[in-house]
Amino acid sequence: MSGTQVQEKKTVTLGSLWRDKKSRGVILQIFAVIVILLFIGNIVSNTVENLDRLGVKVGFDFLTEPANYDINQTLIEYDSSDTHFRAGLVGLLNTLLVAVCGIVVATFLGFTAGVLRLSNNFVLSRLMQVYVEITRNVPVLLQILLWHGILIHSLPVPKKAEAMFEGFVLTNRGAYMPQPIPQEGFGWVWIALIIAIVGAVLFKKYANKVQIETGRLIPAIWIGAAFIIGLPLITFLLMGSPIEISYPELKGFNYKGGFVIKPEFMALWFALSIYTGAFIAEIVRAGIQSVSHGQTEAAHALGIRPDFTMRLVVIPQALRVIIPPLISQYLNLTKNSSLAIAIGYMDLVATIGGISLNQTGRALESMAIVLGVYLFISLFISGLMNIYNKRVALVGR
Amino acid sequence: MSIETKKYPVGMHPALPPPSGSVGPLRWMRDNLFSSVSNTVLTLLGLYLVYIIVPPFIQWAFIDSVVYGAESRKECLAIMGEDRGACWSFVYRRWGQFVYGFYPIEERWRVNVAFILTFITIAVVLVEKLRANKPVLIVGILLPVVSFFLITGNSLFGLVDVPTNKMGGVLLTLIVGLSGIFVSLPISIMLALSRISKLPIFSIIATIFIEFIRGVPLITLLFIASTLLSYFLPAGSNFDLLLRVLIMVTIFSAAYIAEVIRGGLAAIPTGQYEAADALGLSYWQSMRLIILPQALKISIPGIVGSFIGLFKDTTLVVIIGLLDPLGIGMAAISTTAWAGLSTELYVFIGLFFFIFCFSMSRYSLYLEKKLQTGHNN
Amino acid sequence: MKKLLPIAVSLAALTAMNVSASTLEDVQARGVLKCGVSTGLAGFAAPNDSGQWEGLDVDLCRAVAAAVLGDSEKVEYVPLTSKVRFEVLKSGEIDVLSRVTTWTFTRDASLGLNFAGVNYYDGQGFMVPKALGVTSAKDLDGASICIQTGTTTELNAAEYFKLNGMTYEPVPVETSAEGRSNYIAGRCDVYTTDASALAAQRSVFEDPTAHVVLPEIISKEPLGPVVRHGDDQWLDIVKWSHNVMLNAEELNITSKNLDERGANDKDPAAQGLLGTNEAKLGAMLGLDKKWAYNIIKQVGNYSESFERNVGKETALKLDRGLNALWTNGGIQYAPPLK
């Protein structure tokens with residue numbers, strides 16, 4: 001819009017320069033820079049003036065002051081005497097936790113639904129279609145609220161809850177389960193696990209080499225898996241089972257001990273996974289359909305079993321189409337996790353962008369931090385994405 | 001069968017019906033539902049899932065539910081007795097609020113007229129035959145202006161001003177959704193053209209802008225609109241909350257649509273650009289006459305997809321205190337009379353959005369199919 | 001961003017008319033007072049069945065409107081969550097915030113705000129279902145507690161439990177309605193907020209008698225109206241609108257006996273209040289002579305407002321307690337109107 005206005009104004013004064021394509025480009029750009037600078041300058045001067053008028057100081061010093069509020073789900077040590085910075089960190093970790101858990105489940109749901117939608121099984125493909133259409137077309141905020149409502153209102157309160165089976169209790173304050181607490185000497189089990197994983201990877205490489213050279217198949221996956229499970233298990237037993245299991249027990253108002261998943265987290269997790277899963281299902285479906293039918297037929301002609309055809313022929317080719325939109329769905333899920341605020345899950349927006357902002361009144365700074373963190377996550381993942389795209393493009397045809 | 005006795009030249013025999021057992025519903029079921037053990041198990045599992053979800057839901061939502069005759073949840077429960085169905089009475093009682101928000105009752109006809117005008121505009125935009133007719137198209141595009149004056153009020157036409165904080169419910173959703181859609185489209189075209197422009201400054205500015213907006217959650221932008229925007233404006237100036245929200249929603253969707261359009265522009269073969277240059281067209285002429293019509297056509301399904309997303313995102317305004325249908329419903333279930341009906345509320349609002357978004361996505365599928373045949377010709 | 005400029009410029013032009021030096025002139029030019037209130041808290045600010053706002057905080061808005069505009073009905077109520085209230089006030093979207101807001105040092109000193117008095121002395125309490133059998137806040141170790149975010153409540157609870165060596169699970173809620181819903185569903189055992197608000201919340205439960213407010217009051221919560229920094233005249237107007245109501249109660253002037261007290265009252269203080277003597281109190285604030293008269297006539301004195309909204313006859317059934325006049329054993333004490 002503004003481009004055409006510029007054109008009219010300038011033709012009169014800068015005739016010849018204007019008619020030359022190159023100099024016109026330069027003039028337009030200089031003009032754009034001036035406009036942007038004026039715009040930004042205007043905003044900055046307004047802000048400074050407004051802050052001055054209200055007598056408000058700007059700065060990030062509040063981050064080092066004690067937060068004085070409690071958070072109900074903390075992945076790292078936190079109590080109310082810790083700083084706002086740490087409170088924000090707790091919030092960020094909660095955001096990342098729900099994002100990662102959501103991404104894992106959404107990917108699983110999405111791939112399952114996407115593949116099943118294309119299956120010959122009429123009942124399943126229709127069911128998946130219904131799932132995709134319903135969840136995709138209902139706002140995610142509504143789904144979060146719905147899940148939260150269901151969990152809060154239909155699950156029993158702790159006093160009335162009964163254990164489903166030993167140590168597992170489902171209440172409207174959360175799902176409680178036994179938690180293994182490592183005792184002294186458990187470190188060796190971790191070390192054994194690492195050794196086992198490294199060993200398994202090396203073995204798989206060796207097996208591949210043997211297969212390429214001699215055509216002999218070694219069931220490396222199974223051997224590796226046995227190794228990864230077996231070695232730590234033996235270490236564990238040798239160390240005299242250095243673990244204690246903490247069972248949830250009803251003490252006073254709540255269950256104590258054990259591992260607990262809060263209903264706020266569950267609601268957010270379920271809603272985000274199911275919502276994003278539907279989008280991923282569509283992406284997977286489109287990706288699989290993009291693989292030429294000749295590939296499947298060729299695989300069938302070679303006598304490859306249908307499930308192997310899917311796994312070894314179709315999906316690897318479809319991934320090239322699937323991955324870019326898939327990553328952008330992951331980003332969407334992460335951004336949608338900010339709706340946590342509607343149900344009181346303490347994520348980044350609720351801690352730094354919510355309570356800290358409100359208790360300190362540092363609105364500008366707090367929002368800047370929140371925006372900055374989200375922006376960093378987005379750009380970081382987009383950056384990885386670009387690298388991946390380039391690699392695929394090079395390897396490809 | 002007389003056919004078998006006749007003699008045919010080689011290759012001229014008419015097709016025979018398929019052997020029995022390879023057609024018919026039983027065969028179809030064997031092929032599609034019970035072809036293997038695992039398939040059979042999955043089929044049965046799926047049918048069981050349908051069985052445990054659908055009949056109870058229908059029972060709850062329709063058969064055991066109460067719509068009329070209850071003034072509170074207690075009365076609902078009293079009417080239902082033993083069967084615990086849904087209590088839709090609060091939707092029925094507050095229907096006016098769900099549609100119009102707190103728009104003055106005696107002025108609601110204006111909203112109704114505006115709804116009809118908007119419907120006409122949408123019809124004009126969507127139906128090709130109407131769109132082809134220039135006068136009809138112009139009227140269709142001007143109608144939203146009339147709707148605007150109808151809804152906000154204008155002393156020139158003797159209409160009472162209605163402040164924006166009275167607007168709520170479906171009316172608010174449509175205001176935010178539709179004005180976001182219409183205003184963001186031209187902005188997004190400019191952003192997309194800037195981003196692929198050969199002039200580095202334009203490209204850099206557009207890229208920064210688009211990546212920034214796409215990198216942050218909409219809710220943070222709405223927070224900024226509702227609380228921080230006034231810091232950036234001259235002292236003492238402030239404008240309507242709804243307007244601020246509209247601006248944020250518009251630039252948000254503009255950034256997303258710009259990326260869709262950029263995809264469309266990238267799909268145009270370079271030959272088209274070169275041909276336009278060869279004809280001696282200026283940049284704007286070639287864009288307007290050659291490139292954009294093609295690029296927009298390719299992008300339409302993507303744009304409709306973004307619109308669906310925007311439409312769903314309008315629910316977020318409830319978090320900053322605007323009363324869209326969800327907000328109206330939340331206010332309703334926070335009263336003593338209707339407390340505890342959250343499931344009903346979410347199902348009802350969900351259905352409302354489902355109907356809108358599902359029909360839009362069907363429309364986009366239809367367009368996609370139509371455009372594909374266009375290419376094959 | 002380039003595309004934003006025309007929009008921003010035109011908007012700035014659109015709104016430039018609103019810009020003026022003082023809040024008082026703004027309000028008088030607009031003809032309506034914009035008052036930030038809570039989203040619905042019975043007794044303090046809530047719309048009644050016919051959509052009229054009522055409550056102690058609402059009465060303060062009405063008093064300011066009566067003083068400034070001569071009509072207590074000329075108020076536009078802006079319902080705000082506790083979270084956005086200060087930002088909305090700072091942005092100039094509202095003229096005064098009257099929303100059960102606790103006066104604290106940090107808020108007064110660092111938020112760019114000024115508190116204009118205390119219209120309700122409160123303290124934070126705990127409400128639990130009777131069935132729990134809890135009688136003291138000291139028994140709440142390990143409980144789940146619903147707390148409204150963005151309030152001093154959150155800080156007090158953290159401090160109280162820490163001091164008493166107890167643990168708890170905070171369940172943050174955004175609005176009273178959300179808190180009520182979580183509390184009723186049993187997501188939390190305890191609901192904590194200002195004692196007056198607990199009474200308000202309890203009054204809308206299906207069975208209010210099934211819930212008890214525990215005796216412990218764990219904090220000082222002086223609640224009062226707030227204005228922006230930097231407009232002293234406006235601060236004075238809000239401050240004295242409240243003080244007029246207190247002084248009227250002290251002098252036993254009510255909305256009913258106001259006119260008969262009228263001209264024949266010999267007490268100079270009463271004369272000042274009624275605008276019958278030569279002292280130009282209104283003019284000192286930039287208001288007309290009848291400003292205080294209008295407040296008492298249209299809104300009533302503090303006692304009338306209290307009894308109408310939260311007193312014994314209402315669902316909240318609150319005692320005057322700390323909010324009695326200093327002469328009656330309370331701490332409501334207004335500077336003299338001289």
# chains A, B, ... in the order shown; residues from 1 in each chain; ligands from 1
>>> interface_residues(of="chain C", to="chain A", cutoff="7 Å", atoms="only C-alpha atoms", output="list in words")
Lys2, Leu5, Lys83, Ser110, Leu111, Gly112, Gly142, Ala143, Thr149, Gly150, Glu154, Leu155, Ala158, Glu169, Pro170, Val171, Pro172, Val173, Ala185, Gly186, Arg187, His229 and Gly230 of chain C
>>> residues_around(residues="stretch 177-185 of chain A", least_positions_apart="3", cutoff="6 Å", atoms="only C-alpha atoms", output="list in words")
Gly167, Phe168, Trp188, Pro242, Ile243, Glu244, Ile245, Ser246, Tyr247, Gly258 and Phe259 of chain A
>>> write_last_selection(atoms="N, CA and C atoms", output="PDB file, in the first residue's frame")
ATOM      1  N   GLY A 167      -0.300 -49.183  44.938  1.00  0.00           N
ATOM      2  CA  GLY A 167       0.532 -48.006  44.764  1.00  0.00           C
ATOM      3  C   GLY A 167       0.077 -47.037  43.688  1.00  0.00           C
ATOM      4  N   PHE A 168      -0.949 -47.395  42.917  1.00  0.00           N
ATOM      5  CA  PHE A 168      -1.425 -46.478  41.889  1.00  0.00           C
ATOM      6  C   PHE A 168      -2.775 -45.904  42.309  1.00  0.00           C
ATOM      7  N   TRP A 188      26.440 -46.808  39.754  1.00  0.00           N
ATOM      8  CA  TRP A 188      27.053 -47.860  38.930  1.00  0.00           C
ATOM      9  C   TRP A 188      26.076 -48.365  37.885  1.00  0.00           C
ATOM     10  N   PRO A 242      20.180 -51.403  45.026  1.00  0.00           N
ATOM     11  CA  PRO A 242      20.252 -50.139  45.771  1.00  0.00           C
ATOM     12  C   PRO A 242      19.099 -49.211  45.388  1.00  0.00           C
ATOM     13  N   ILE A 243      17.918 -49.595  45.693  1.00  0.00           N
ATOM     14  CA  ILE A 243      16.801 -48.717  45.351  1.00  0.00           C
ATOM     15  C   ILE A 243      15.718 -48.883  46.397  1.00  0.00           C
ATOM     16  N   GLU A 244      15.011 -47.802  46.660  1.00  0.00           N
ATOM     17  CA  GLU A 244      13.909 -47.890  47.598  1.00  0.00           C
ATOM     18  C   GLU A 244      12.712 -47.342  46.879  1.00  0.00           C
ATOM     19  N   ILE A 245      11.581 -47.992  47.055  1.00  0.00           N
ATOM     20  CA  ILE A 245      10.408 -47.510  46.350  1.00  0.00           C
ATOM     21  C   ILE A 245       9.525 -46.760  47.333  1.00  0.00           C
ATOM     22  N   SER A 246       9.175 -45.509  46.921  1.00  0.00           N
ATOM     23  CA  SER A 246       8.326 -44.706  47.785  1.00  0.00           C
ATOM     24  C   SER A 246       6.892 -44.845  47.291  1.00  0.00           C
ATOM     25  N   TYR A 247       6.024 -45.350  48.146  1.00  0.00           N
ATOM     26  CA  TYR A 247       4.619 -45.527  47.767  1.00  0.00           C
ATOM     27  C   TYR A 247       3.800 -44.340  48.241  1.00  0.00           C
ATOM     28  N   GLY A 258       5.755 -40.994  46.690  1.00  0.00           N
ATOM     29  CA  GLY A 258       5.456 -41.464  45.359  1.00  0.00           C
ATOM     30  C   GLY A 258       5.638 -40.371  44.339  1.00  0.00           C
ATOM     31  N   PHE A 259       5.281 -40.711  43.129  1.00  0.00           N
ATOM     32  CA  PHE A 259       5.448 -39.783  42.025  1.00  0.00           C
ATOM     33  C   PHE A 259       4.054 -39.301  41.651  1.00  0.00           C
TER      34      PHE A 259
END
>>> residues_around(residues="B:Ile320", least_positions_apart="6", cutoff="12 Å", atoms="only C-alpha atoms", output="JSON, numbers by chain")
{"A": [339, 341, 342], "B": [218, 219, 220, 221, 222, 223, 224, 225, 226, 227, 241, 242, 244, 245, 314, 327], "C": [79, 80, 81, 82, 83, 84, 85, 88, 174, 175]}
>>> interface_residues(of="chain B", to="chain C", cutoff="10 Å", atoms="only C-alpha atoms", output="ChimeraX atom specification")
/B:74,102,165,187-188,190-191,202,205-206,208-210,223,226-241,243,247,251,319-321,330-331,333-337,339-340,342
>>> write_last_selection(atoms="C-alpha atoms", output="JSON list (two decimals), in the first residue's frame")
[["chain", "number", "residue", "atom", "x", "y", "z"],
["B", 74, "LYS", "CA", -30.96, -28.06, 40.66],
["B", 102, "PHE", "CA", -24.70, -7.55, 26.06],
["B", 165, "ASN", "CA", -17.70, -3.61, 25.52],
["B", 187, "ILE", "CA", -1.24, -6.83, 4.53],
["B", 188, "SER", "CA", -0.05, -10.38, 4.09],
["B", 190, "MET", "CA", 2.52, -6.89, 0.93],
["B", 191, "LEU", "CA", 4.56, -8.80, 3.53],
["B", 202, "PHE", "CA", 12.47, -4.69, 2.46],
["B", 205, "ILE", "CA", 12.27, -5.99, 7.51],
["B", 206, "ALA", "CA", 9.53, -8.33, 6.34],
["B", 208, "ILE", "CA", 12.13, -10.01, 10.91],
["B", 209, "PHE", "CA", 8.51, -9.02, 11.28],
["B", 210, "ILE", "CA", 7.12, -12.36, 10.08],
["B", 223, "PHE", "CA", -1.49, -9.56, 26.68],
["B", 226, "SER", "CA", -4.50, -5.43, 26.61],
["B", 227, "THR", "CA", -1.83, -4.06, 28.94],
["B", 228, "LEU", "CA", 1.38, -2.82, 27.39],
["B", 229, "LEU", "CA", 0.35, -1.13, 24.16],
["B", 230, "SER", "CA", -0.45, 2.11, 25.94],
["B", 231, "TYR", "CA", 3.21, 2.48, 26.94],
["B", 232, "PHE", "CA", 4.09, 2.78, 23.26],
["B", 233, "LEU", "CA", 1.54, 5.45, 22.43],
["B", 234, "PRO", "CA", 1.66, 9.16, 23.23],
["B", 235, "ALA", "CA", 0.77, 9.99, 26.82],
["B", 236, "GLY", "CA", -2.91, 10.04, 27.61],
["B", 237, "SER", "CA", -3.98, 8.48, 24.35],
["B", 238, "ASN", "CA", -5.80, 5.22, 24.56],
["B", 239, "PHE", "CA", -8.16, 3.47, 22.30],
["B", 240, "ASP", "CA", -10.69, 0.76, 22.44],
["B", 241, "LEU", "CA", -9.66, -2.66, 23.75],
["B", 243, "LEU", "CA", -9.70, -2.34, 18.38],
["B", 247, "ILE", "CA", -4.94, -5.03, 15.37],
["B", 251, "ILE", "CA", -0.97, -8.74, 12.22],
["B", 319, "ILE", "CA", -8.22, -14.84, 28.63],
["B", 320, "ILE", "CA", -7.90, -11.06, 28.40],
["B", 321, "GLY", "CA", -11.50, -10.53, 29.48],
["B", 330, "MET", "CA", -18.05, -19.14, 31.71],
["B", 331, "ALA", "CA", -19.86, -16.17, 33.24],
["B", 333, "ILE", "CA", -21.60, -21.26, 34.90],
["B", 334, "SER", "CA", -19.99, -19.09, 37.57],
["B", 335, "THR", "CA", -23.41, -18.07, 38.87],
["B", 336, "THR", "CA", -24.95, -20.00, 41.74],
["B", 337, "ALA", "CA", -27.78, -21.25, 39.55],
["B", 339, "ALA", "CA", -22.46, -23.76, 38.67],
["B", 340, "GLY", "CA", -20.96, -27.12, 37.71],
["B", 342, "SER", "CA", -18.66, -26.94, 32.56]]
>>> closest_atom_pairs(of="chain A", to="chain B", cutoff="6 Å", atoms="only C-alpha atoms", output="JSON lines")
{"residue": "A:Gln29", "atom": "CA", "partner": "B:Ile201", "partner_atom": "CA", "distance": 5.9}
{"residue": "A:Ile43", "atom": "CA", "partner": "B:Phe232", "partner_atom": "CA", "distance": 4.9}
{"residue": "A:Asn46", "atom": "CA", "partner": "B:Pro234", "partner_atom": "CA", "distance": 5.3}
{"residue": "A:Thr47", "atom": "CA", "partner": "B:Tyr231", "partner_atom": "CA", "distance": 5.0}
{"residue": "A:Asn50", "atom": "CA", "partner": "B:Ala235", "partner_atom": "CA", "distance": 5.9}
{"residue": "A:Asn120", "atom": "CA", "partner": "B:Asn32", "partner_atom": "CA", "distance": 5.3}
{"residue": "A:Asn121", "atom": "CA", "partner": "B:Asn32", "partner_atom": "CA", "distance": 4.8}
{"residue": "A:Asn137", "atom": "CA", "partner": "B:Phe354", "partner_atom": "CA", "distance": 5.0}
{"residue": "A:Val138", "atom": "CA", "partner": "B:Phe354", "partner_atom": "CA", "distance": 5.4}
{"residue": "A:Pro139", "atom": "CA", "partner": "B:Lys312", "partner_atom": "CA", "distance": 4.8}
{"residue": "A:Leu146", "atom": "CA", "partner": "B:Tyr346", "partner_atom": "CA", "distance": 6.0}
{"residue": "A:Lys335", "atom": "CA", "partner": "B:Pro217", "partner_atom": "CA", "distance": 4.9}
{"residue": "A:Tyr374", "atom": "CA", "partner": "B:Val216", "partner_atom": "CA", "distance": 5.5}
{"residue": "A:Leu375", "atom": "CA", "partner": "B:Gly215", "partner_atom": "CA", "distance": 4.9}
{"residue": "A:Ser378", "atom": "CA", "partner": "B:Gly215", "partner_atom": "CA", "distance": 5.3}
>>> select_by_dssp(residues="stretch 187-243 of chain A", states="helix (DSSP H, G or I)", output="MDAnalysis selection string")
chainID A and resid 187:214 220:238
>>> write_last_selection(atoms="C-alpha atoms", output="PDB file, in the first residue's frame")
ATOM      1  CA  GLY A 187      25.424 -44.623  40.143  1.00  0.00           C
ATOM      2  CA  TRP A 188      27.053 -47.860  38.930  1.00  0.00           C
ATOM      3  CA  VAL A 189      23.795 -48.860  37.283  1.00  0.00           C
ATOM      4  CA  TRP A 190      23.812 -45.623  35.279  1.00  0.00           C
ATOM      5  CA  ILE A 191      27.397 -46.251  34.251  1.00  0.00           C
ATOM      6  CA  ALA A 192      26.485 -49.802  33.221  1.00  0.00           C
ATOM      7  CA  LEU A 193      23.596 -48.456  31.187  1.00  0.00           C
ATOM      8  CA  ILE A 194      25.846 -46.036  29.320  1.00  0.00           C
ATOM      9  CA  ILE A 195      28.391 -48.761  28.609  1.00  0.00           C
ATOM     10  CA  ALA A 196      25.611 -51.041  27.395  1.00  0.00           C
ATOM     11  CA  ILE A 197      24.216 -48.417  25.036  1.00  0.00           C
ATOM     12  CA  VAL A 198      27.632 -47.621  23.585  1.00  0.00           C
ATOM     13  CA  GLY A 199      28.294 -51.347  23.209  1.00  0.00           C
ATOM     14  CA  ALA A 200      24.985 -51.945  21.496  1.00  0.00           C
ATOM     15  CA  VAL A 201      25.577 -49.117  19.031  1.00  0.00           C
ATOM     16  CA  LEU A 202      29.044 -50.423  18.182  1.00  0.00           C
ATOM     17  CA  PHE A 203      27.662 -53.929  17.784  1.00  0.00           C
ATOM     18  CA  LYS A 204      24.966 -52.687  15.422  1.00  0.00           C
ATOM     19  CA  LYS A 205      27.627 -50.982  13.328  1.00  0.00           C
ATOM     20  CA  TYR A 206      29.608 -54.189  13.213  1.00  0.00           C
ATOM     21  CA  ALA A 207      26.483 -56.128  12.252  1.00  0.00           C
ATOM     22  CA  ASN A 208      25.787 -53.703   9.416  1.00  0.00           C
ATOM     23  CA  LYS A 209      29.321 -54.115   8.171  1.00  0.00           C
ATOM     24  CA  VAL A 210      29.007 -57.904   8.232  1.00  0.00           C
ATOM     25  CA  GLN A 211      25.726 -57.670   6.383  1.00  0.00           C
ATOM     26  CA  ILE A 212      27.171 -55.463   3.686  1.00  0.00           C
ATOM     27  CA  GLU A 213      30.254 -57.610   3.247  1.00  0.00           C
ATOM     28  CA  THR A 214      28.832 -61.102   3.540  1.00  0.00           C
ATOM     29  CA  ALA A 220      21.668 -56.871  16.180  1.00  0.00           C
ATOM     30  CA  ILE A 221      18.583 -55.066  17.456  1.00  0.00           C
ATOM     31  CA  TRP A 222      17.540 -57.958  19.675  1.00  0.00           C
ATOM     32  CA  ILE A 223      21.031 -58.659  20.928  1.00  0.00           C
ATOM     33  CA  GLY A 224      21.556 -54.953  21.568  1.00  0.00           C
ATOM     34  CA  ALA A 225      18.287 -54.668  23.437  1.00  0.00           C
ATOM     35  CA  ALA A 226      19.143 -57.650  25.588  1.00  0.00           C
ATOM     36  CA  PHE A 227      22.502 -56.077  26.298  1.00  0.00           C
ATOM     37  CA  ILE A 228      21.016 -52.695  27.229  1.00  0.00           C
ATOM     38  CA  ILE A 229      18.548 -54.283  29.615  1.00  0.00           C
ATOM     39  CA  GLY A 230      20.770 -57.067  30.868  1.00  0.00           C
ATOM     40  CA  LEU A 231      23.963 -55.274  31.831  1.00  0.00           C
ATOM     41  CA  PRO A 232      22.374 -52.644  34.108  1.00  0.00           C
ATOM     42  CA  LEU A 233      20.118 -55.326  35.578  1.00  0.00           C
ATOM     43  CA  ILE A 234      23.058 -57.496  36.517  1.00  0.00           C
ATOM     44  CA  THR A 235      24.882 -54.500  37.957  1.00  0.00           C
ATOM     45  CA  PHE A 236      21.777 -53.587  39.878  1.00  0.00           C
ATOM     46  CA  LEU A 237      21.508 -57.041  41.411  1.00  0.00           C
ATOM     47  CA  LEU A 238      25.250 -57.194  42.105  1.00  0.00           C
TER      48      LEU A 238
END
>>> residues_around(residues="C:Asn294", least_positions_apart="3", cutoff="10 Å", atoms="only C-alpha atoms", output="list in words")
Ala63, Val64, Ala65, Ala66, Ala67, Val68, Leu69, Gly70, Asp71, Ser72, Ser255, Leu273, Leu274, Gly275, Lys289, Lys290, Trp291, Lys297, Gln298, Val299 and Gly300 of chain C
>>> write_last_selection(atoms="C-alpha atoms", output="compact mmCIF listing (two decimals), in the first residue's frame")
# COMPACT_ATOMS: atom_id res chain seq x y z
CA ALA C 63 -19.02 8.86 45.27
CA VAL C 64 -16.23 10.10 43.01
CA ALA C 65 -18.66 10.44 40.10
CA ALA C 66 -21.09 12.36 42.34
CA ALA C 67 -18.32 14.72 43.43
CA VAL C 68 -16.88 15.28 39.97
CA LEU C 69 -19.91 15.03 37.70
CA GLY C 70 -22.73 15.68 40.15
CA ASP C 71 -24.32 12.34 39.24
CA SER C 72 -23.39 9.07 40.88
CA SER C 255 -28.61 10.67 52.85
CA LEU C 273 -19.75 19.14 54.30
CA LEU C 274 -23.08 20.48 53.13
CA GLY C 275 -21.59 23.39 51.26
CA LYS C 289 -19.77 23.73 46.00
CA LYS C 290 -22.17 20.81 46.13
CA TRP C 291 -19.55 18.09 45.70
CA LYS C 297 -27.22 12.63 48.99
CA GLN C 298 -26.66 10.08 46.24
CA VAL C 299 -24.40 7.48 47.84
CA GLY C 300 -24.83 8.00 51.58
>>> residues_around(residues="stretch 162-166 of chain C", least_positions_apart="6", cutoff="8 Å", atoms="only C-alpha atoms", output="list of chain:residue names")
C:Lys138, C:Leu140, C:Asp141, C:Gly142
>>> atom_distance(atom1="atom CA of A:Phe62", atom2="atom CA of A:His84")
7.1 Å
>>> residues_around(residues="A:Ala99", least_positions_apart="5", cutoff="12 Å", atoms="only C-alpha atoms", output="ChimeraX atom specification")
/A:92-94,104-107,265,268-273,276,329-340,347-348,377
>>> closest_residue(among="B:Leu371, B:Ala192, B:Val124, B:Tyr273", to="B:Gln285", atoms="only C-alpha atoms")
B:Tyr273
>>> residues_around(residues="C:Ala199", least_positions_apart="3", cutoff="10 Å", atoms="only C-alpha atoms", output="ChimeraX atom specification")
/C:42-43,125,127,193-196,202-204,208,211-213,310,315-318
>>> write_last_selection(atoms="N, CA and C atoms", output="short mmCIF file (atom, residue, chain, number, x, y, z; two decimals), in the first residue's frame")
data_model
loop_
_atom_site.label_atom_id
_atom_site.label_comp_id
_atom_site.auth_asym_id
_atom_site.auth_seq_id
_atom_site.Cartn_x
_atom_site.Cartn_y
_atom_site.Cartn_z
N ALA C 42 -19.34 -10.58 45.38
CA ALA C 42 -20.56 -10.14 46.07
C ALA C 42 -20.22 -9.20 47.21
N GLY C 43 -20.96 -8.11 47.34
CA GLY C 43 -20.77 -7.17 48.43
C GLY C 43 -19.78 -6.06 48.11
N GLY C 125 -7.84 -14.74 55.41
CA GLY C 125 -8.32 -15.87 56.18
C GLY C 125 -8.38 -17.14 55.34
N MET C 127 -10.89 -20.55 54.34
CA MET C 127 -12.21 -21.19 54.41
C MET C 127 -12.05 -22.67 54.08
N THR C 193 -8.28 -16.17 50.86
CA THR C 193 -8.24 -14.81 50.31
C THR C 193 -8.63 -13.89 51.46
N ASP C 194 -8.91 -12.63 51.17
CA ASP C 194 -9.31 -11.72 52.23
C ASP C 194 -10.58 -12.24 52.91
N ALA C 195 -10.66 -12.06 54.23
CA ALA C 195 -11.78 -12.62 54.99
C ALA C 195 -13.12 -12.13 54.45
N SER C 196 -13.17 -10.86 54.04
CA SER C 196 -14.43 -10.34 53.52
C SER C 196 -14.82 -11.06 52.24
N ARG C 202 -18.64 -17.46 50.19
CA ARG C 202 -19.46 -18.43 50.89
C ARG C 202 -20.93 -18.13 50.68
N SER C 203 -21.26 -16.83 50.57
CA SER C 203 -22.67 -16.47 50.49
C SER C 203 -23.31 -16.97 49.19
N VAL C 204 -22.52 -17.29 48.17
CA VAL C 204 -23.14 -17.77 46.93
C VAL C 204 -23.09 -19.29 46.80
N PRO C 208 -24.24 -22.40 52.32
CA PRO C 208 -23.15 -21.64 52.96
C PRO C 208 -22.77 -22.19 54.33
N HIS C 211 -19.59 -24.56 55.14
CA HIS C 211 -18.20 -24.10 55.07
C HIS C 211 -17.92 -23.15 56.22
N VAL C 212 -16.71 -23.26 56.77
CA VAL C 212 -16.36 -22.35 57.87
C VAL C 212 -15.12 -21.54 57.52
N VAL C 213 -15.10 -20.31 58.03
CA VAL C 213 -13.90 -19.48 57.90
C VAL C 213 -13.11 -19.67 59.20
N VAL C 310 -22.41 -4.95 52.76
CA VAL C 310 -21.76 -6.10 53.36
C VAL C 310 -22.21 -6.34 54.80
N ALA C 315 -26.17 -10.92 52.70
CA ALA C 315 -25.76 -12.32 52.70
C ALA C 315 -24.36 -12.48 53.31
N LEU C 316 -23.56 -11.42 53.28
CA LEU C 316 -22.19 -11.54 53.78
C LEU C 316 -22.11 -11.50 55.30
N LYS C 317 -23.06 -10.73 55.91
CA LYS C 317 -23.15 -10.66 57.38
C LYS C 317 -21.83 -10.30 58.05
N LEU C 318 -21.19 -9.24 57.56
CA LEU C 318 -19.91 -8.85 58.15
C LEU C 318 -20.11 -7.87 59.30
#
>>> select_by_dssp(residues="stretch 128-157 of chain C", states="strand (DSSP E)", output="list in words")
Val128, Pro129, Ala143, Ser144, Ile145, Cys146, Ile147 and Gln148 of chain C
>>> closest_residue(among="C:Ala109, C:Ile331, C:Ala200, C:Ile237", to="C:Ala46", atoms="only C-alpha atoms")
C:Ala200
